[in-house]
file target-v7.txt (compact mmCIF, C-alpha atoms and all ligand atoms)
# COMPACT_ATOMS: atom_id res chain seq x y z
CA MET I 1 64.84 -28.15 -154.31
CA ARG I 2 67.80 -28.25 -151.97
CA VAL I 3 70.16 -27.04 -154.71
CA SER I 4 68.00 -24.09 -155.62
CA ARG I 5 67.62 -23.11 -151.99
CA ARG I 6 71.38 -23.32 -151.57
CA LYS I 7 71.94 -21.31 -154.71
CA LEU I 8 69.50 -18.72 -153.42
CA MET I 9 71.36 -18.48 -150.12
CA THR I 10 74.78 -18.29 -151.80
CA THR I 11 73.63 -15.53 -154.10
CA GLY I 12 71.83 -13.83 -151.22
CA VAL I 13 74.82 -13.85 -148.88
CA ALA I 14 77.19 -12.72 -151.65
CA ALA I 15 74.82 -9.99 -152.83
CA ALA I 16 74.28 -8.78 -149.28
CA ALA I 17 78.05 -8.67 -148.73
CA GLY I 18 78.43 -6.55 -151.86
CA ALA I 19 75.46 -4.22 -151.53
CA CYS I 20 75.09 -3.75 -147.80
CA GLY I 21 78.50 -4.62 -146.42
CA LEU I 22 79.66 -7.50 -144.30
CA GLY I 23 77.34 -6.76 -141.37
CA VAL I 24 74.21 -7.76 -143.28
CA ALA I 25 75.97 -10.71 -144.90
CA ALA I 26 77.03 -11.91 -141.46
CA ARG I 27 73.47 -11.67 -140.10
CA LEU I 28 72.12 -13.56 -143.12
CA ALA I 29 74.81 -16.21 -142.79
CA ASP I 30 74.03 -16.62 -139.09
CA ARG I 31 70.32 -17.05 -139.84
CA TYR I 32 71.14 -19.96 -142.17
CA GLY I 33 73.52 -21.59 -139.67
CA LEU I 34 76.68 -20.73 -141.58
CA ILE I 35 78.78 -19.19 -138.82
CA PRO I 36 81.05 -21.59 -136.92
CA PRO I 37 81.34 -21.04 -133.14
CA ASP I 38 85.02 -20.04 -133.40
CA HIS I 39 84.37 -17.30 -136.00
CA ALA I 40 85.80 -14.69 -133.63
CA GLY I 41 89.02 -16.66 -133.10
CA ILE I 42 92.40 -16.13 -134.75
CA TYR I 43 91.31 -17.52 -138.13
CA GLY I 44 88.06 -15.51 -138.01
CA ALA I 45 86.70 -14.77 -141.50
CA GLY I 46 88.61 -17.69 -143.02
CA GLU I 47 86.86 -20.16 -140.71
CA THR I 48 83.46 -18.74 -141.61
CA LEU I 49 84.19 -19.02 -145.35
CA THR I 50 85.38 -22.64 -145.09
CA TYR I 51 82.42 -23.72 -142.99
CA ALA I 52 79.80 -21.77 -144.97
CA ALA I 53 81.14 -23.11 -148.29
CA GLN I 54 81.03 -26.70 -146.99
CA ARG I 55 77.52 -26.31 -145.65
CA LEU I 56 76.21 -24.65 -148.82
CA LEU I 57 77.92 -26.83 -151.41
CA MET I 58 77.94 -30.29 -149.86
CA ALA I 59 74.81 -32.38 -149.51
CA HIS I 60 74.26 -32.64 -145.75
CA HIS I 61 74.37 -36.40 -145.71
CA SER I 62 77.09 -37.03 -148.28
CA LEU I 63 79.06 -40.03 -147.07
CA ALA I 64 82.73 -40.36 -146.21
CA ARG I 65 84.42 -43.12 -148.17
CA GLU I 66 84.15 -46.63 -146.73
CA PHE I 67 86.87 -49.18 -147.42
CA ASP I 68 87.24 -52.90 -147.90
CA ARG I 69 88.46 -55.20 -145.07
CA SER I 70 91.66 -55.79 -147.09
CA GLU I 71 92.47 -52.07 -146.82
CA ILE I 72 92.49 -52.00 -143.00
CA SER I 73 95.84 -50.63 -141.77
CA LYS I 74 98.55 -52.68 -140.05
CA VAL I 75 99.43 -49.96 -137.55
CA PHE I 76 97.01 -47.88 -135.50
CA PRO I 77 98.73 -44.84 -133.97
CA VAL I 78 97.31 -43.27 -130.83
CA ASN I 79 96.93 -39.63 -129.92
CA GLY I 80 97.20 -38.66 -126.24
CA GLU I 81 97.22 -40.66 -123.05
CA VAL I 82 94.52 -42.70 -121.34
CA PRO I 83 92.88 -40.31 -118.82
CA GLU I 84 94.49 -40.25 -115.37
CA ASN I 85 91.17 -39.09 -113.94
CA GLU I 86 90.31 -41.10 -110.79
CA THR I 87 86.72 -41.85 -111.85
CA TYR I 88 87.91 -43.10 -115.22
CA GLN I 89 90.56 -45.33 -113.63
CA ARG I 90 87.96 -46.84 -111.25
CA LEU I 91 85.44 -47.46 -114.06
CA SER I 92 88.17 -48.99 -116.21
CA ALA I 93 89.29 -51.31 -113.38
CA GLY I 94 85.69 -52.55 -113.17
CA GLY I 95 85.56 -53.34 -116.89
CA PHE I 96 83.27 -50.30 -117.36
CA ALA I 97 80.35 -52.24 -115.83
CA ASP I 98 79.45 -49.09 -113.83
CA TRP I 99 80.09 -46.63 -116.68
CA ARG I 100 77.10 -44.72 -118.01
CA LEU I 101 76.84 -42.23 -120.82
CA ALA I 102 74.65 -39.31 -119.73
CA VAL I 103 72.64 -37.54 -122.45
CA ASP I 104 71.00 -34.28 -121.41
CA GLY I 105 70.35 -30.65 -122.37
CA LEU I 106 67.71 -29.69 -124.94
CA VAL I 107 66.10 -33.13 -125.02
CA ALA I 108 62.62 -34.33 -124.09
CA ARG I 109 63.82 -37.38 -122.10
CA PRO I 110 67.29 -36.99 -120.54
CA ALA I 111 68.76 -40.44 -120.06
CA SER I 112 71.91 -42.37 -119.37
CA PHE I 113 73.05 -45.53 -121.09
CA SER I 114 75.23 -48.38 -119.86
CA LEU I 115 77.58 -50.11 -122.27
CA THR I 116 75.22 -53.11 -122.38
CA GLU I 117 72.28 -50.85 -123.21
CA LEU I 118 74.19 -49.19 -126.05
CA LYS I 119 75.21 -52.58 -127.41
CA ARG I 120 71.54 -53.65 -127.48
CA LEU I 121 70.69 -50.85 -129.92
CA PRO I 122 71.01 -51.52 -133.67
CA ALA I 123 74.72 -51.42 -134.52
CA ARG I 124 76.53 -50.04 -137.53
CA THR I 125 79.96 -51.21 -138.71
CA GLN I 126 82.05 -49.06 -141.04
CA ILE I 127 85.63 -49.14 -142.32
CA THR I 128 86.80 -45.54 -142.52
CA HIS I 129 89.90 -43.39 -142.61
CA GLN I 130 90.99 -41.41 -139.57
CA ALA I 131 93.41 -38.56 -140.18
CA CYS I 132 95.22 -36.70 -137.41
CA GLU I 133 96.11 -33.03 -137.87
CA GLU I 134 99.69 -34.07 -136.98
CA GLY I 135 100.05 -35.87 -140.30
CA TRP I 136 99.41 -39.58 -139.68
CA SER I 137 96.33 -41.57 -140.53
CA PHE I 138 94.95 -45.10 -140.60
CA ILE I 139 92.01 -47.13 -141.84
CA ALA I 140 90.10 -49.18 -139.27
CA GLU I 141 86.78 -50.88 -138.79
CA TRP I 142 84.50 -49.31 -136.21
CA THR I 143 81.31 -50.69 -134.72
CA GLY I 144 78.88 -48.73 -132.62
CA VAL I 145 75.51 -47.07 -132.35
CA PRO I 146 74.72 -44.23 -134.74
CA LEU I 147 74.52 -41.07 -132.63
CA SER I 148 71.21 -40.38 -134.41
CA SER I 149 69.65 -43.46 -132.73
CA VAL I 150 70.52 -42.15 -129.29
CA LEU I 151 69.32 -38.65 -130.22
CA ASN I 152 66.01 -40.12 -131.38
CA LEU I 153 65.62 -42.00 -128.10
CA VAL I 154 66.06 -38.87 -125.98
CA GLY I 155 64.07 -36.62 -128.34
CA VAL I 156 65.94 -33.55 -129.58
CA ASP I 157 64.30 -30.16 -129.15
CA PRO I 158 63.84 -28.30 -132.49
CA LYS I 159 65.83 -25.39 -130.99
CA ALA I 160 68.97 -27.57 -130.78
CA LYS I 161 71.98 -26.35 -132.76
CA TYR I 162 74.90 -28.37 -131.39
CA VAL I 163 75.70 -31.61 -129.63
CA VAL I 164 78.58 -31.35 -127.14
CA PHE I 165 80.80 -34.28 -126.13
CA PHE I 166 82.54 -34.39 -122.75
CA PRO I 167 85.26 -37.00 -122.19
CA PHE I 168 87.16 -37.99 -119.03
CA ASP I 169 90.03 -35.75 -120.13
CA GLU I 170 90.10 -32.15 -121.40
CA SER I 171 89.41 -32.82 -125.10
CA TRP I 172 85.75 -31.82 -125.28
CA ASP I 173 84.26 -30.96 -128.64
CA SER I 174 80.95 -30.35 -130.40
CA LEU I 175 79.19 -31.00 -133.71
CA ASP I 176 76.47 -29.08 -135.50
CA MET I 177 73.18 -30.92 -136.06
CA SER I 178 74.11 -31.80 -139.64
CA ASP I 179 77.10 -33.86 -138.47
CA ALA I 180 75.25 -35.06 -135.35
CA TRP I 181 72.44 -36.64 -137.43
CA HIS I 182 74.84 -37.91 -140.10
CA PRO I 183 74.47 -41.69 -140.59
CA GLN I 184 78.24 -42.31 -140.24
CA THR I 185 78.56 -40.42 -136.95
CA LEU I 186 78.98 -43.28 -134.49
CA LEU I 187 79.26 -43.86 -130.78
CA ALA I 188 81.84 -46.60 -131.31
CA TYR I 189 82.48 -49.37 -128.77
CA ALA I 190 84.47 -51.74 -130.99
CA MET I 191 87.48 -51.40 -133.27
CA ASN I 192 88.53 -54.08 -135.76
CA ALA I 193 85.92 -56.42 -134.23
CA GLN I 194 87.46 -56.20 -130.72
CA GLU I 195 86.35 -54.21 -127.67
CA LEU I 196 87.60 -50.65 -128.13
CA PRO I 197 91.20 -50.72 -126.78
CA ALA I 198 91.77 -48.29 -123.87
CA PRO I 199 94.17 -45.98 -125.80
CA HIS I 200 91.64 -45.68 -128.64
CA GLY I 201 88.96 -44.36 -126.29
CA ALA I 202 87.36 -47.11 -124.17
CA PRO I 203 84.62 -47.72 -123.39
CA VAL I 204 82.95 -45.53 -126.06
CA ARG I 205 84.27 -42.88 -128.44
CA LEU I 206 82.81 -40.70 -131.13
CA ARG I 207 83.72 -41.43 -134.77
CA VAL I 208 83.13 -38.58 -137.23
CA PRO I 209 84.67 -39.73 -140.53
CA ARG I 210 83.90 -36.46 -142.34
CA GLN I 211 86.22 -34.50 -140.04
CA LEU I 212 89.82 -34.70 -138.82
CA GLY I 213 90.66 -37.12 -136.01
CA TYR I 214 90.45 -34.62 -133.20
CA LYS I 215 86.66 -34.34 -133.62
CA SER I 216 86.37 -38.06 -132.78
CA VAL I 217 86.26 -37.59 -129.01
CA LYS I 218 87.51 -40.60 -127.01
CA TYR I 219 86.61 -41.76 -123.44
CA LEU I 220 83.09 -40.32 -123.52
CA SER I 221 81.34 -39.46 -120.29
CA ARG I 222 78.50 -37.09 -121.15
CA ILE I 223 76.69 -35.69 -124.18
CA THR I 224 74.65 -32.52 -124.02
CA VAL I 225 72.38 -30.94 -126.64
CA THR I 226 72.34 -27.14 -126.76
CA ASP I 227 71.36 -24.09 -128.78
CA THR I 228 74.52 -22.17 -127.82
CA LEU I 229 78.16 -22.96 -127.10
CA LYS I 230 78.86 -19.58 -125.52
CA ASN I 231 78.76 -20.83 -121.93
CA ILE I 232 80.96 -23.88 -122.42
CA GLY I 233 84.71 -23.52 -121.91
CA ASN I 234 85.93 -20.40 -123.70
CA GLY I 235 82.76 -20.37 -125.80
CA LEU I 236 84.52 -21.43 -129.03
CA GLY I 237 82.78 -24.81 -129.39
CA SER I 238 85.67 -27.06 -128.45
CA ILE I 239 89.10 -27.22 -126.88
CA SER I 240 90.72 -27.05 -130.38
CA PRO I 241 90.31 -23.32 -131.12
CA GLU I 242 91.84 -22.61 -127.70
CA ILE I 243 95.01 -24.37 -128.85
CA GLY I 244 95.13 -23.13 -132.44
CA TYR I 245 92.99 -25.60 -134.43
CA SER I 246 89.66 -24.84 -136.03
CA TRP I 247 86.33 -26.01 -134.61
CA TYR I 248 85.23 -27.21 -138.05
CA ALA I 249 87.71 -29.77 -139.39
CA GLY I 250 85.88 -31.11 -142.45
CA ILE I 251 87.80 -33.24 -144.93
N1 LIG A 301 89.18 -37.58 -125.20
C1 LIG A 301 90.09 -37.46 -126.18
N2 LIG A 301 89.70 -37.67 -127.44
C2 LIG A 301 90.57 -37.56 -128.46
C3 LIG A 301 91.92 -37.18 -128.23
C4 LIG A 301 92.32 -36.97 -126.87
O1 LIG A 301 93.47 -36.67 -126.56
N3 LIG A 301 91.37 -37.13 -125.88
N4 LIG A 301 92.78 -37.00 -129.29
C5 LIG A 301 92.13 -36.72 -130.59
C6 LIG A 301 93.02 -36.73 -131.73
S1 LIG A 301 94.00 -35.38 -131.97
C7 LIG A 301 92.98 -37.73 -132.66
S2 LIG A 301 93.90 -37.66 -134.09
C8 LIG A 301 92.18 -38.95 -132.44
C9 LIG A 301 93.10 -40.13 -132.45
O2 LIG A 301 92.42 -41.32 -132.21
P1 LIG A 301 93.25 -42.61 -131.92
O3 LIG A 301 94.11 -42.35 -130.71
O4 LIG A 301 92.27 -43.71 -131.73
O5 LIG A 301 94.14 -42.85 -133.12
O6 LIG A 301 91.47 -38.93 -131.22
C10 LIG A 301 90.98 -37.68 -130.87
N5 LIG A 301 90.14 -37.80 -129.71
MO MO A 302 94.87 -35.65 -133.95
call {"tool": "encode", "arguments": {"input": "target-v7.txt", "output": "structure tokens"}}
result
Amino acid sequence: MRVSRRKLMTTGVAAAAGACGLGVAARLADRYGLIPPDHAGIYGAGETLTYAAQRLLMAHHSLAREFDRSEISKVFPVNGEVPENETYQRLSAGGFADWRLAVDGLVARPASFSLTELKRLPARTQITHQACEEGWSFIAEWTGVPLSSVLNLVGVDPKAKYVVFFPFDESWDSLDMSDAWHPQTLLAYAMNAQELPAPHGAPVRLRVPRQLGYKSVKYLSRITVTDTLKNIGNGLGSISPEIGYSWYAGI
């Protein structure tokens, strides 16, 4: 059923592009959620093609590869610095006992979760590959709460299109609902069976193994559910397109 619907959409979008020009194709693509938020950026049409092809051709919940314990890396590089932000420093000094993750926006029951509360929810452990756009990568074991569990607790409005992640530094990002509900999308609080080390995003980070490392936002502070990204930052869906990387970083 899914395949035939996808085939129908692919043919439809392609036919519309041929017969009626790109304007109609673009409207059709938008209706089916195939336009990434940075489509107007420097990579424009290319970004739309990459994202639309992924969304049409890949099963929504296809899994990223998981590895064996013996394949865990020996070295775990870090990107960026631990936030200098005063609030973050204070929370960190207190062992994150006062930290809470706020979840708001298009949800029925806005809530905030302490680290203890998140740890009480059913956990998932997965050994996955994390690749940085700068060329390095590593395999590590991550433990956390599937984002989907938290989304179910707060009750996502059917109008929702994106989930936005705000950290204690500038590296905010967002996911579409397909990646947000994906079973391997984790709010991770442990790495290699230890508390998440500060440089890797303490107390809680996102892990999105189907996309490049920069989508795995560290040092989380707030999550918001929305139907548009236009009013956040430069309206491109994340900090990445503002600095030359694409919003969608599927691998
Ligand atoms: N808040 C925040 N999240 C972030 C970053 C950052 O600088 N700040 N860097 C990103 C990048 S580019 C990568 S590759 C991964 C690296 O994760 P690691 O430092 O645990 O290896 O985190 C991502 N998440
Ligand atoms: Mo990265």
call {"tool": "residues_near_ligand", "arguments": {"input": "target-v7.txt", "ligand": "ligand MO 302 (chain A)", "cutoff": "10 Å", "atoms": "only C-alpha atoms and all ligand atoms", "output": "number ranges by chain"}}
result
I: 77-80, 130-137, 212-216
call {"tool": "closest_residue", "arguments": {"input": "target-v7.txt", "among": "I:Tyr245, I:Tyr162, I:Tyr32, I:Trp142", "to": "Trp181 (chain I)", "atoms": "only C-alpha atoms"}}
result
I:Tyr162
call {"tool": "atom_distance", "arguments": {"input": "target-v7.txt", "atom1": "CA of Thr224 (chain I)", "atom2": "CA of Thr128 (chain I)"}}
result
25.7 Å
call {"tool": "atom_distance", "arguments": {"input": "target-v7.txt", "atom1": "CA of Arg210 (chain I)", "atom2": "CA of Phe76 (chain I)"}}
result
18.7 Å
call {"tool": "axis_aligned_box", "arguments": {"input": "target-v7.txt", "around": "ligand LIG 301 (chain A)", "padding_each_side": "6 Å", "output": "lines of an AutoDock Vina configuration file"}}
result
center_x = 91.7
center_y = -39.5
center_z = -129.6
size_x = 17.0
size_y = 20.3
size_z = 20.9
call {"tool": "residues_around", "arguments": {"input": "target-v7.txt", "residues": "region 187-195 of chain I", "least_positions_apart": "6", "cutoff": "10 Å", "atoms": "all atoms listed in the file", "output": "count of residues only"}}
result
34
call {"tool": "closest_residue", "arguments": {"input": "target-v7.txt", "among": "I:Arg120, I:Lys159, I:His129, I:Arg31", "to": "Val107 (chain I)", "atoms": "all atoms listed in the file"}}
result
I:Lys159
call {"tool": "residues_around", "arguments": {"input": "target-v7.txt", "residues": "Trp172 (chain I)", "least_positions_apart": "2", "cutoff": "6 Å", "atoms": "all atoms listed in the file", "output": "PyMOL selection string"}}
result
chain I and resi 165-166+170+238-239
call {"tool": "write_last_selection", "arguments": {"input": "target-v7.txt", "atoms": "C-alpha atoms", "output": "PDB file, in the coordinates of the input"}}
result
ATOM      1  CA  PHE I 165      80.800 -34.280-126.130  1.00  0.00           C
ATOM      2  CA  PHE I 166      82.540 -34.390-122.750  1.00  0.00           C
ATOM      3  CA  GLU I 170      90.100 -32.150-121.400  1.00  0.00           C
ATOM      4  CA  SER I 238      85.670 -27.060-128.450  1.00  0.00           C
ATOM      5  CA  ILE I 239      89.100 -27.220-126.880  1.00  0.00           C
TER       6      ILE I 239
END
call {"tool": "atom_distance", "arguments": {"input": "target-v7.txt", "atom1": "atom C3 of ligand LIG 301 (chain A)", "atom2": "CA of Arg90 (chain I)"}}
result
19.9 Å
call {"tool": "closest_residue", "arguments": {"input": "target-v7.txt", "among": "I:Thr116, I:Ser62, I:Asn85, I:Asn234", "to": "Asp173 (chain I)", "atoms": "only C-alpha atoms"}}
result
I:Asn234
call {"tool": "closest_residue", "arguments": {"input": "target-v7.txt", "among": "I:Phe138, I:Trp247, I:Tyr219, I:Tyr43", "to": "Ser73 (chain I)", "atoms": "all atoms listed in the file"}}
result
I:Phe138
call {"tool": "closest_residue", "arguments": {"input": "target-v7.txt", "among": "I:Leu151, I:Val156, I:Val225, I:Val82", "to": "ligand LIG 301 (chain A)", "atoms": "all atoms listed in the file"}}
result
I:Val82
call {"tool": "residues_near_point", "arguments": {"input": "target-v7.txt", "point": "(80.7, -25.2, -145.5)", "cutoff": "10 Å", "atoms": "only C-alpha atoms", "output": "list in words"}}
result
Gly33, Leu34, Ile35, Pro36, Glu47, Thr48, Leu49, Thr50, Tyr51, Ala52, Ala53, Gln54, Arg55, Leu56, Leu57, Met58, His60, Tyr248 and Gly250 of chain I
call {"tool": "closest_residue", "arguments": {"input": "target-v7.txt", "among": "I:Ser240, I:Asn152, I:Thr87, I:Asn231", "to": "ligand LIG 301 (chain A)", "atoms": "only C-alpha atoms and all ligand atoms"}}
result
I:Ser240
call {"tool": "residues_around", "arguments": {"input": "target-v7.txt", "residues": "region 228-230 of chain I", "least_positions_apart": "6", "cutoff": "7 Å", "atoms": "only C-alpha atoms", "output": "list of chain:residue names"}}
result
I:Lys161, I:Leu236, I:Gly237
call {"tool": "write_last_selection", "arguments": {"input": "target-v7.txt", "atoms": "C-alpha atoms", "output": "PDB file, in the frame of the given file"}}
result
ATOM      1  CA  LYS I 161      71.980 -26.350-132.760  1.00  0.00           C
ATOM      2  CA  LEU I 236      84.520 -21.430-129.030  1.00  0.00           C
ATOM      3  CA  GLY I 237      82.780 -24.810-129.390  1.00  0.00           C
TER       4      GLY I 237
END
call {"tool": "decode", "arguments": {"input": "target-v7.txt", "residues": "region 91-152 of chain I", "atoms": "C-alpha atoms", "output": "mmCIF file, in the first residue's frame"}}
result
data_model
loop_
_atom_site.group_PDB
_atom_site.id
_atom_site.type_symbol
_atom_site.label_atom_id
_atom_site.label_comp_id
_atom_site.auth_asym_id
_atom_site.auth_seq_id
_atom_site.Cartn_x
_atom_site.Cartn_y
_atom_site.Cartn_z
ATOM 1 C CA LEU I 91 23.147 23.449 36.501
ATOM 2 C CA SER I 92 26.304 21.481 35.737
ATOM 3 C CA ALA I 93 27.889 22.463 39.079
ATOM 4 C CA GLY I 94 24.787 21.070 40.798
ATOM 5 C CA GLY I 95 25.074 17.731 38.996
ATOM 6 C CA PHE I 96 22.044 18.720 36.868
ATOM 7 C CA ALA I 97 19.716 18.053 39.832
ATOM 8 C CA ASP I 98 17.864 21.298 38.958
ATOM 9 C CA TRP I 99 17.919 20.775 35.183
ATOM 10 C CA ARG I 100 14.583 20.260 33.466
ATOM 11 C CA LEU I 101 13.774 19.580 29.845
ATOM 12 C CA ALA I 102 10.792 21.701 28.795
ATOM 13 C CA VAL I 103 8.501 20.262 26.100
ATOM 14 C CA ASP I 104 5.951 22.680 24.667
ATOM 15 C CA GLY I 105 4.351 24.015 21.478
ATOM 16 C CA LEU I 106 1.674 22.064 19.595
ATOM 17 C CA VAL I 107 1.119 19.547 22.389
ATOM 18 C CA ALA I 108 -1.920 18.753 24.522
ATOM 19 C CA ARG I 109 -0.009 18.672 27.837
ATOM 20 C CA PRO I 110 3.121 20.870 27.920
ATOM 21 C CA ALA I 111 5.493 19.455 30.510
ATOM 22 C CA SER I 112 9.016 19.509 31.804
ATOM 23 C CA PHE I 113 11.092 16.520 32.819
ATOM 24 C CA SER I 114 13.924 16.210 35.323
ATOM 25 C CA LEU I 115 16.793 13.836 34.612
ATOM 26 C CA THR I 116 15.394 11.403 37.201
ATOM 27 C CA GLU I 117 11.975 11.495 35.524
ATOM 28 C CA LEU I 118 13.481 10.776 32.110
ATOM 29 C CA LYS I 119 15.487 7.895 33.560
ATOM 30 C CA ARG I 120 12.279 6.373 34.982
ATOM 31 C CA LEU I 121 10.798 6.040 31.485
ATOM 32 C CA PRO I 122 11.491 2.847 29.500
ATOM 33 C CA ALA I 123 15.053 3.082 28.188
ATOM 34 C CA ARG I 124 16.553 2.034 24.886
ATOM 35 C CA THR I 125 20.223 1.177 24.360
ATOM 36 C CA GLN I 126 21.738 1.181 20.876
ATOM 37 C CA ILE I 127 25.251 0.953 19.442
ATOM 38 C CA THR I 128 25.357 3.253 16.430
ATOM 39 C CA HIS I 129 27.725 5.175 14.208
ATOM 40 C CA GLN I 130 28.047 8.935 14.505
ATOM 41 C CA ALA I 131 29.590 10.753 11.554
ATOM 42 C CA CYS I 132 30.647 14.392 11.635
ATOM 43 C CA GLU I 133 30.479 16.471 8.455
ATOM 44 C CA GLU I 134 34.155 17.315 9.136
ATOM 45 C CA GLY I 135 35.188 13.766 8.261
ATOM 46 C CA TRP I 136 35.598 11.837 11.515
ATOM 47 C CA SER I 137 33.258 9.294 13.012
ATOM 48 C CA PHE I 138 32.945 6.781 15.837
ATOM 49 C CA ILE I 139 30.762 3.951 17.083
ATOM 50 C CA ALA I 140 29.383 4.238 20.616
ATOM 51 C CA GLU I 141 26.664 2.832 22.800
ATOM 52 C CA TRP I 142 23.908 5.244 23.727
ATOM 53 C CA THR I 143 21.167 4.831 26.305
ATOM 54 C CA GLY I 144 18.172 7.082 26.655
ATOM 55 C CA VAL I 145 14.464 7.559 26.231
ATOM 56 C CA PRO I 146 13.023 7.294 22.727
ATOM 57 C CA LEU I 147 11.828 10.783 21.781
ATOM 58 C CA SER I 148 8.555 9.111 20.734
ATOM 59 C CA SER I 149 7.844 8.166 24.393
ATOM 60 C CA VAL I 150 8.131 11.777 25.484
ATOM 61 C CA LEU I 151 6.038 12.936 22.515
ATOM 62 C CA ASN I 152 3.348 10.426 23.460
#
